[in-house]
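These notes concern the structure reproduced below.
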Amino acid sequence: MLKKVKEIRNKKAVKICGWISLPLFAFFCLFVLDYFNFYHYSGLSSLVDFIINHPGPFSFEVMLILGIMAVLLLLCRKAWIAGGILGFFSLLFAFINYLKIALNGDNFYPQDITMVDDAGEIVSFITVPLPLWFYIAAVFMILCVVAYAAFNVEIPLKWTFRLPAAAALVIITLVAFTPSNAENVIGAFGMSYVDTILQSSNYRANGFLGAFTLNILKMQVQEPEGYSEETIDGIIGEYEASPRSGEENFDVIVVLSEAFFDARELPGVTFSENPLTEYDELISRENCYSGKLYSTALGGGTVRPEFEMLTGLSTDYMISGSSPWEYVTKDMESYVSEYRDSGYRTIAIHPYDKKFYSRSQAYEYVGFQEFYGQDELSEQFQLQYKRGYVTDSSTLRAMEYYLDSSEEPTFMFAITMQNHQAYNPIDENDVVVQVSCESLEEGVLDSLTTYVQGLYDADKMLGDLVDYIDQRERPTILVFFGDHLPTLGSNYAAYNQTGFVDSSDGFNRKEALKMYSTPFVIYSNRDIDIEIFQENRDNRISPYNMLNAVSLATGFGRTEYMELLLDFYDTTPIYNVRLNLDVTPEIQAFLSKIELITYDRTSGQGYSE
């Protein structure tokens, strides 16, 4: 058999067929990348629509994949090596992109590669099954590579030609994509850097490879147009800082409750008992304000609303896929630093790995004096676990301990972990609240049931925390909110199957407002008045203004930038790029100012501080 293979592979016709198949193999790799990029929409039909309606970006992708294949062949000579490398990375990138979209609607960004050190933790969150077509594609690629090896397909060129040719292709590409040339090159294919502002539309308009390339070109933080000390001084100079007006120093407790969401909003879902009794009772009180917080995360990405909450800055203008804490490498003005500089003890608690999302280095720079992660908490307390995560009740015990040990006023920020994905089925004995829904598939119902048990415990933790606050002599104010909606089955399964949304063609504005909003409460053991809210209930706010609301309730001093944000709230109470809201000239003026301040404090010269 080996002799026959050797005889066949030496025939000229076989060699020609092998050479012809190489660009076809590259095309197939591109097809795999784009097919799984569009899989969660309408699959093949969405891919066909992309090719027909976006010929420029598709042509760019074709040229790029052929160029990559050419360089690999020139370097390796043998087709099985070049094909193996291209096929492996095509499958890997398609795999990661598919999983990310299924989990939280985000695509695979170049910046995700920097998270490789946290890959173990990230993989533990994943339970999304791969479609059969992925395995078929993998098998086909492997067979192609084996055939290239068996028939010794290679390009008949000496290394003295191949290596200079490969170097020439790389140099031409690098020159084409230098900052001075890149915008013109991508513009010739109908692509634009503006596409990277909203990544969901970027990957749909430019395909995976086109969008990924745009993101690579935008990986360096870009200085906004008009950035200068004079411009920043002009923005800040429009406002005056407000001195403290309150007579008492309030302890401020901020709790980011993992994936806290009112699951009762899902149509057709019933519960054996109310999973949110404490929440319902709390929002009925006169000294409690509640409503919807409009997040920049969905299913994952806690770090985005967290960053906005603590700093007042916007993640809309940061590199997609990055942790905003990566850009905090020096002391930076924030809500936290304002409390620290006012004599507060500033504490952060997160019962997980402190290094995740680069928190361990950044928290000190934004003003936290103490940061207790899972390691420190486990040494101090007898922690309890559910589904592998520290329980909310254990987190609450730690919070109470540090609050009770403070002689000075305290600002505390706590992130819970108990109700983090993945929501795998749990033992029936652990089910307190039975969940039913005829429209949900069994696996999706199992995920929702698991989630609701955590929601029930988060609600109990909220009630216990409020009881603790009520018995305190110190004036205390609580902010409790969810960071994002939970992942309930792949590709928003629970939300689609119940009719909450229809994500088959992306989110329209109404659906985006549903999917990017979570409950919040602001409660105090003193009478408070938050003047920006018209009523106690059904209010709307973005994370970057939440601690501004607290400052109004407690009479805490406000900086010029905080006053700017309050002015922005009067113009529009909510905004982020994912909400698909109309942008009036007045709103755009504020957005430009916030972009400049965000750049100034994270990557610029800090003129605004």
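By order in the structure tokens, chains are A, B, ...; within a chain, residues start at 1; ligands start at 1, following the order shown.
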Near A:Tyr599, within 12 Å and counting only C-alpha atoms, which residues show up once chain neighbours fewer than 2 positions away are dropped, as an NGL selection string?
-> :A and (221-228 or 232 or 313-319 or 324 or 327-328 or 332 or 592-597 or 601-608)
Secondary structure check, strand (DSSP E) residues of stretch 451-527 of chain A, as number ranges by chain = A: 476-482, 517-524
Output N, CA and C atoms for every residue in the selection just made, as a CSV table (one decimal), in the first residue's frame.
chain,number,residue,atom,x,y,z
A,476,THR,N,-25.7,54.3,57.9
A,476,THR,CA,-25.1,53.4,56.9
A,476,THR,C,-26.0,53.4,55.7
A,477,ILE,N,-25.4,53.4,54.5
A,477,ILE,CA,-26.2,53.3,53.3
A,477,ILE,C,-25.7,52.1,52.5
A,478,LEU,N,-26.6,51.4,51.8
A,478,LEU,CA,-26.3,50.2,51.1
A,478,LEU,C,-26.6,50.4,49.6
A,479,VAL,N,-25.7,50.0,48.7
A,479,VAL,CA,-26.0,49.9,47.3
A,479,VAL,C,-25.9,48.4,47.0
A,480,PHE,N,-26.9,47.8,46.5
A,480,PHE,CA,-26.9,46.4,46.2
A,480,PHE,C,-27.4,46.3,44.7
A,481,PHE,N,-26.6,45.6,43.9
A,481,PHE,CA,-27.0,45.5,42.5
A,481,PHE,C,-26.5,44.2,41.8
A,482,GLY,N,-27.1,43.9,40.7
A,482,GLY,CA,-26.6,42.8,39.9
A,482,GLY,C,-25.7,43.3,38.8
A,517,SER,N,-30.0,45.1,31.6
A,517,SER,CA,-30.4,45.8,32.9
A,517,SER,C,-30.6,44.8,34.0
A,518,THR,N,-30.2,45.2,35.2
A,518,THR,CA,-30.4,44.4,36.4
A,518,THR,C,-31.0,45.2,37.5
A,519,PRO,N,-31.5,44.6,38.5
A,519,PRO,CA,-32.1,45.3,39.7
A,519,PRO,C,-31.0,46.0,40.5
A,520,PHE,N,-31.4,47.2,41.1
A,520,PHE,CA,-30.5,47.8,42.1
A,520,PHE,C,-31.4,48.3,43.2
A,521,VAL,N,-30.8,48.4,44.4
A,521,VAL,CA,-31.5,49.1,45.5
A,521,VAL,C,-30.4,50.0,46.2
A,522,ILE,N,-30.9,51.1,46.7
A,522,ILE,CA,-30.1,52.0,47.6
A,522,ILE,C,-30.9,52.1,48.8
A,523,TYR,N,-30.4,51.7,50.0
A,523,TYR,CA,-31.2,51.7,51.2
A,523,TYR,C,-30.3,52.2,52.4
A,524,SER,N,-30.9,52.9,53.3
A,524,SER,CA,-30.2,53.4,54.5
A,524,SER,C,-31.0,53.3,55.7
Selection near A:Arg244, 8 Å with only C-alpha atoms, sequence-local residues under 5 positions removed, as an mmCIF file with C-alpha atoms, in the first residue's frame:
data_model
loop_
_atom_site.group_PDB
_atom_site.id
_atom_site.type_symbol
_atom_site.label_atom_id
_atom_site.label_comp_id
_atom_site.auth_asym_id
_atom_site.auth_seq_id
_atom_site.Cartn_x
_atom_site.Cartn_y
_atom_site.Cartn_z
ATOM 1 C CA GLY A 555 -24.398 64.919 51.645
ATOM 2 C CA PHE A 556 -20.943 63.743 50.639
ATOM 3 C CA GLY A 557 -18.765 66.178 48.687
ATOM 4 C CA ARG A 558 -18.582 65.939 44.899
#
Which residues in stretch 37-198 of chain A does DSSP call helix (DSSP H, G or I)? List them as a PyMOL selection string.
-> chain A and resi 37+44-53+55-76+79-104+110-124+132-150+159-176+179-188+193-197
Return the single residue from A:Cys144, A:Leu591, A:Val431, A:Leu72 that is closest to A:Leu24, with distances computed using only C-alpha atoms.
-> A:Cys144
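For the choices A:Asn508, A:Asn206, A:Ser21, A:Ser378, the atom-to-atom distance to A:Val194 is smallest for A:Asn206 when using only C-alpha atoms.
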If we count only C-alpha atoms, what is near A:Ala211 at a cut-off of 12 Å, once residues fewer than 4 positions away on the same chain are taken out, given as JSON, numbers by chain?
-> {"A": [33, 34, 37, 57, 58, 60, 61, 97, 107, 108, 109, 110, 186, 191, 192, 193, 194, 195, 196, 197, 198, 199, 200, 201, 202, 203, 204, 205, 206, 207, 215, 216, 217, 218, 320]}
Restricting the output to N, CA and C atoms, write the selected residues as a tab-separated table (two decimals), in the first residue's frame.
chain	number	residue	atom	x	y	z
A	33	LEU	N	-14.18	29.70	10.29
A	33	LEU	CA	-14.14	30.88	11.16
A	33	LEU	C	-15.43	31.68	11.07
A	34	ASP	N	-15.89	31.92	9.84
A	34	ASP	CA	-17.08	32.75	9.66
A	34	ASP	C	-18.37	32.00	9.94
A	37	ASN	N	-18.84	32.09	13.49
A	37	ASN	CA	-19.06	33.48	13.90
A	37	ASN	C	-20.53	33.85	13.74
A	57	PRO	N	-15.47	43.66	2.95
A	57	PRO	CA	-14.87	42.93	4.07
A	57	PRO	C	-14.60	41.47	3.75
A	58	PHE	N	-15.51	40.82	2.99
A	58	PHE	CA	-15.28	39.42	2.65
A	58	PHE	C	-14.05	39.28	1.75
A	60	PHE	N	-11.52	41.24	1.76
A	60	PHE	CA	-10.37	41.45	2.65
A	60	PHE	C	-10.02	40.15	3.37
A	61	GLU	N	-11.05	39.44	3.86
A	61	GLU	CA	-10.81	38.18	4.56
A	61	GLU	C	-10.16	37.16	3.64
A	97	ASN	N	-14.44	31.69	19.82
A	97	ASN	CA	-15.45	32.68	19.41
A	97	ASN	C	-16.86	32.14	19.61
A	107	ASN	N	-17.61	38.49	21.42
A	107	ASN	CA	-16.78	37.74	20.49
A	107	ASN	C	-15.39	37.53	21.06
A	108	PHE	N	-14.58	36.77	20.32
A	108	PHE	CA	-13.19	36.53	20.69
A	108	PHE	C	-12.37	37.73	20.21
A	109	TYR	N	-11.77	38.43	21.17
A	109	TYR	CA	-10.98	39.60	20.86
A	109	TYR	C	-9.49	39.28	21.00
A	110	PRO	N	-8.62	39.99	20.29
A	110	PRO	CA	-7.18	39.76	20.46
A	110	PRO	C	-6.72	39.91	21.91
A	186	ILE	N	-7.90	49.65	5.04
A	186	ILE	CA	-9.18	49.04	5.45
A	186	ILE	C	-10.36	49.80	4.85
A	191	MET	N	-14.26	49.05	5.28
A	191	MET	CA	-14.18	48.82	6.72
A	191	MET	C	-13.71	50.11	7.41
A	192	SER	N	-13.99	50.20	8.71
A	192	SER	CA	-13.64	51.42	9.42
A	192	SER	C	-13.35	51.12	10.88
A	193	TYR	N	-12.46	51.92	11.47
A	193	TYR	CA	-12.19	51.79	12.91
A	193	TYR	C	-13.44	52.04	13.74
A	194	VAL	N	-14.37	52.82	13.18
A	194	VAL	CA	-15.62	53.10	13.90
A	194	VAL	C	-16.38	51.80	14.19
A	195	ASP	N	-16.18	50.79	13.36
A	195	ASP	CA	-16.86	49.51	13.55
A	195	ASP	C	-16.53	48.88	14.90
A	196	THR	N	-15.35	49.19	15.45
A	196	THR	CA	-14.92	48.54	16.70
A	196	THR	C	-15.60	49.11	17.93
A	197	ILE	N	-16.38	50.17	17.77
A	197	ILE	CA	-17.07	50.75	18.94
A	197	ILE	C	-18.09	49.76	19.50
A	198	LEU	N	-18.83	49.09	18.60
A	198	LEU	CA	-19.81	48.09	19.03
A	198	LEU	C	-19.42	46.77	18.38
A	199	GLN	N	-18.89	45.84	19.19
A	199	GLN	CA	-18.27	44.65	18.63
A	199	GLN	C	-19.28	43.67	18.03
A	200	SER	N	-20.49	43.63	18.54
A	200	SER	CA	-21.47	42.70	17.98
A	200	SER	C	-21.73	43.02	16.51
A	201	SER	N	-21.84	44.31	16.18
A	201	SER	CA	-22.04	44.69	14.79
A	201	SER	C	-20.74	44.61	14.00
A	202	ASN	N	-19.61	44.80	14.65
A	202	ASN	CA	-18.31	44.69	13.99
A	202	ASN	C	-18.11	43.30	13.40
A	203	TYR	N	-18.36	42.27	14.20
A	203	TYR	CA	-18.14	40.90	13.76
A	203	TYR	C	-19.19	40.45	12.74
A	204	ARG	N	-20.34	41.10	12.76
A	204	ARG	CA	-21.36	40.74	11.77
A	204	ARG	C	-21.13	41.48	10.46
A	205	ALA	N	-20.57	42.68	10.50
A	205	ALA	CA	-20.37	43.46	9.28
A	205	ALA	C	-19.07	43.10	8.58
A	206	ASN	N	-18.07	42.61	9.33
A	206	ASN	CA	-16.74	42.39	8.76
A	206	ASN	C	-16.28	40.95	8.82
A	207	GLY	N	-17.13	40.04	9.32
A	207	GLY	CA	-16.70	38.65	9.45
A	207	GLY	C	-15.70	38.51	10.59
A	215	ASN	N	-9.57	44.82	15.30
A	215	ASN	CA	-9.29	44.91	16.72
A	215	ASN	C	-7.79	44.86	17.01
A	216	ILE	N	-7.05	44.06	16.23
A	216	ILE	CA	-5.59	44.04	16.40
A	216	ILE	C	-5.02	45.43	16.12
A	217	LEU	N	-5.51	46.06	15.04
A	217	LEU	CA	-5.02	47.39	14.69
A	217	LEU	C	-5.38	48.42	15.75
A	218	LYS	N	-6.45	48.14	16.50
A	218	LYS	CA	-6.89	49.09	17.54
A	218	LYS	C	-6.46	48.68	18.94
A	320	SER	N	-11.78	46.61	23.39
A	320	SER	CA	-12.73	45.51	23.59
A	320	SER	C	-12.00	44.26	24.05
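Counting from atom CA of A:Ala94, the distance to atom CA of A:Phe208 is 8.6 Å.
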Residues near A:Ala494, cut-off 12 Å, only C-alpha atoms, skip fewer than 4 positions along chain, as a PyMOL selection string | chain A and resi 263+265-269+437-449+451+485-490+498-503+515
Just write the chosen residues, N, CA and C atoms, as an mmCIF file, in the first residue's frame.
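Everything below was put into result.cif:
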data_model
loop_
_atom_site.group_PDB
_atom_site.id
_atom_site.type_symbol
_atom_site.label_atom_id
_atom_site.label_comp_id
_atom_site.auth_asym_id
_atom_site.auth_seq_id
_atom_site.Cartn_x
_atom_site.Cartn_y
_atom_site.Cartn_z
ATOM 1 N N ALA A 263 -35.656 36.735 38.055
ATOM 2 C CA ALA A 263 -36.023 35.639 37.153
ATOM 3 C C ALA A 263 -37.527 35.553 36.936
ATOM 4 N N GLU A 265 -39.263 37.740 35.740
ATOM 5 C CA GLU A 265 -39.579 38.460 34.513
ATOM 6 C C GLU A 265 -39.661 37.531 33.304
ATOM 7 N N LEU A 266 -39.138 36.315 33.405
ATOM 8 C CA LEU A 266 -39.175 35.376 32.282
ATOM 9 C C LEU A 266 -40.607 34.888 32.075
ATOM 10 N N PRO A 267 -41.175 35.086 30.901
ATOM 11 C CA PRO A 267 -42.572 34.699 30.661
ATOM 12 C C PRO A 267 -42.791 33.192 30.815
ATOM 13 N N GLY A 268 -43.882 32.846 31.472
ATOM 14 C CA GLY A 268 -44.276 31.439 31.579
ATOM 15 C C GLY A 268 -43.546 30.631 32.633
ATOM 16 N N VAL A 269 -42.669 31.243 33.392
ATOM 17 C CA VAL A 269 -41.920 30.530 34.435
ATOM 18 C C VAL A 269 -42.641 30.700 35.765
ATOM 19 N N CYS A 437 -41.603 25.412 33.771
ATOM 20 C CA CYS A 437 -41.871 26.182 32.556
ATOM 21 C C CYS A 437 -42.017 25.220 31.389
ATOM 22 N N GLU A 438 -43.175 25.223 30.744
ATOM 23 C CA GLU A 438 -43.436 24.284 29.654
ATOM 24 C C GLU A 438 -42.600 24.575 28.416
ATOM 25 N N SER A 439 -42.203 25.811 28.218
ATOM 26 C CA SER A 439 -41.505 26.178 26.980
ATOM 27 C C SER A 439 -40.002 25.920 27.042
ATOM 28 N N LEU A 440 -39.471 25.600 28.218
ATOM 29 C CA LEU A 440 -38.027 25.411 28.360
ATOM 30 C C LEU A 440 -37.635 23.956 28.143
ATOM 31 N N GLU A 441 -36.561 23.746 27.384
ATOM 32 C CA GLU A 441 -35.994 22.411 27.242
ATOM 33 C C GLU A 441 -35.467 21.948 28.597
ATOM 34 N N GLU A 442 -35.358 20.639 28.763
ATOM 35 C CA GLU A 442 -34.988 20.083 30.069
ATOM 36 C C GLU A 442 -33.662 20.632 30.580
ATOM 37 N N GLY A 443 -32.634 20.658 29.732
ATOM 38 C CA GLY A 443 -31.331 21.139 30.164
ATOM 39 C C GLY A 443 -31.348 22.600 30.552
ATOM 40 N N VAL A 444 -32.118 23.401 29.810
ATOM 41 C CA VAL A 444 -32.219 24.827 30.116
ATOM 42 C C VAL A 444 -32.992 25.034 31.413
ATOM 43 N N LEU A 445 -34.037 24.244 31.623
ATOM 44 C CA LEU A 445 -34.791 24.322 32.875
ATOM 45 C C LEU A 445 -33.908 23.942 34.057
ATOM 46 N N ASP A 446 -33.044 22.952 33.869
ATOM 47 C CA ASP A 446 -32.103 22.572 34.930
ATOM 48 C C ASP A 446 -31.186 23.745 35.280
ATOM 49 N N SER A 447 -30.688 24.440 34.249
ATOM 50 C CA SER A 447 -29.815 25.596 34.493
ATOM 51 C C SER A 447 -30.556 26.683 35.257
ATOM 52 N N LEU A 448 -31.792 26.947 34.842
ATOM 53 C CA LEU A 448 -32.578 27.976 35.518
ATOM 54 C C LEU A 448 -32.861 27.575 36.963
ATOM 55 N N THR A 449 -33.163 26.303 37.185
ATOM 56 C CA THR A 449 -33.433 25.819 38.550
ATOM 57 C C THR A 449 -32.209 26.020 39.436
ATOM 58 N N TYR A 451 -29.798 28.160 38.980
ATOM 59 C CA TYR A 451 -29.614 29.591 39.177
ATOM 60 C C TYR A 451 -30.558 30.140 40.249
ATOM 61 N N LEU A 485 -27.096 39.921 33.585
ATOM 62 C CA LEU A 485 -28.009 38.780 33.563
ATOM 63 C C LEU A 485 -27.203 37.490 33.522
ATOM 64 N N PRO A 486 -27.768 36.406 34.052
ATOM 65 C CA PRO A 486 -27.040 35.130 34.076
ATOM 66 C C PRO A 486 -27.060 34.432 32.720
ATOM 67 N N THR A 487 -26.098 33.545 32.515
ATOM 68 C CA THR A 487 -26.093 32.669 31.348
ATOM 69 C C THR A 487 -26.998 31.477 31.656
ATOM 70 N N LEU A 488 -28.083 31.371 30.972
ATOM 71 C CA LEU A 488 -29.051 30.298 31.220
ATOM 72 C C LEU A 488 -29.188 29.463 29.954
ATOM 73 N N GLY A 489 -28.224 28.596 29.732
ATOM 74 C CA GLY A 489 -28.175 27.825 28.497
ATOM 75 C C GLY A 489 -27.419 28.610 27.438
ATOM 76 N N SER A 490 -26.885 27.914 26.466
ATOM 77 C CA SER A 490 -26.096 28.579 25.440
ATOM 78 C C SER A 490 -26.979 29.412 24.523
ATOM 79 N N THR A 498 -38.424 31.280 26.356
ATOM 80 C CA THR A 498 -39.574 31.826 27.081
ATOM 81 C C THR A 498 -40.210 33.005 26.360
ATOM 82 N N GLY A 499 -39.542 33.501 25.308
ATOM 83 C CA GLY A 499 -40.073 34.657 24.596
ATOM 84 C C GLY A 499 -39.685 35.983 25.216
ATOM 85 N N PHE A 500 -38.755 35.966 26.154
ATOM 86 C CA PHE A 500 -38.271 37.206 26.774
ATOM 87 C C PHE A 500 -37.639 38.101 25.707
ATOM 88 N N VAL A 501 -36.842 37.489 24.814
ATOM 89 C CA VAL A 501 -36.275 38.169 23.649
ATOM 90 C C VAL A 501 -36.211 37.161 22.501
ATOM 91 N N ASP A 502 -35.841 37.663 21.336
ATOM 92 C CA ASP A 502 -35.538 36.806 20.179
ATOM 93 C C ASP A 502 -34.193 37.279 19.639
ATOM 94 N N SER A 503 -33.139 36.519 19.931
ATOM 95 C CA SER A 503 -31.787 36.955 19.586
ATOM 96 C C SER A 503 -31.323 36.430 18.232
ATOM 97 N N MET A 515 -31.939 43.009 28.211
ATOM 98 C CA MET A 515 -30.820 42.104 28.450
ATOM 99 C C MET A 515 -29.647 42.761 29.161
#
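Nearest to A:Leu103 of all the residues A:Ala549, A:Met399, A:Val139, A:Ala493 is A:Ala493, counting only C-alpha atoms.
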Find the spatial neighbours of A:Val32, counting only C-alpha atoms, within a cut-off of 8 Å - ignore same-chain residues fewer than 6 positions away - and output them as a count of residues only.
-> 4
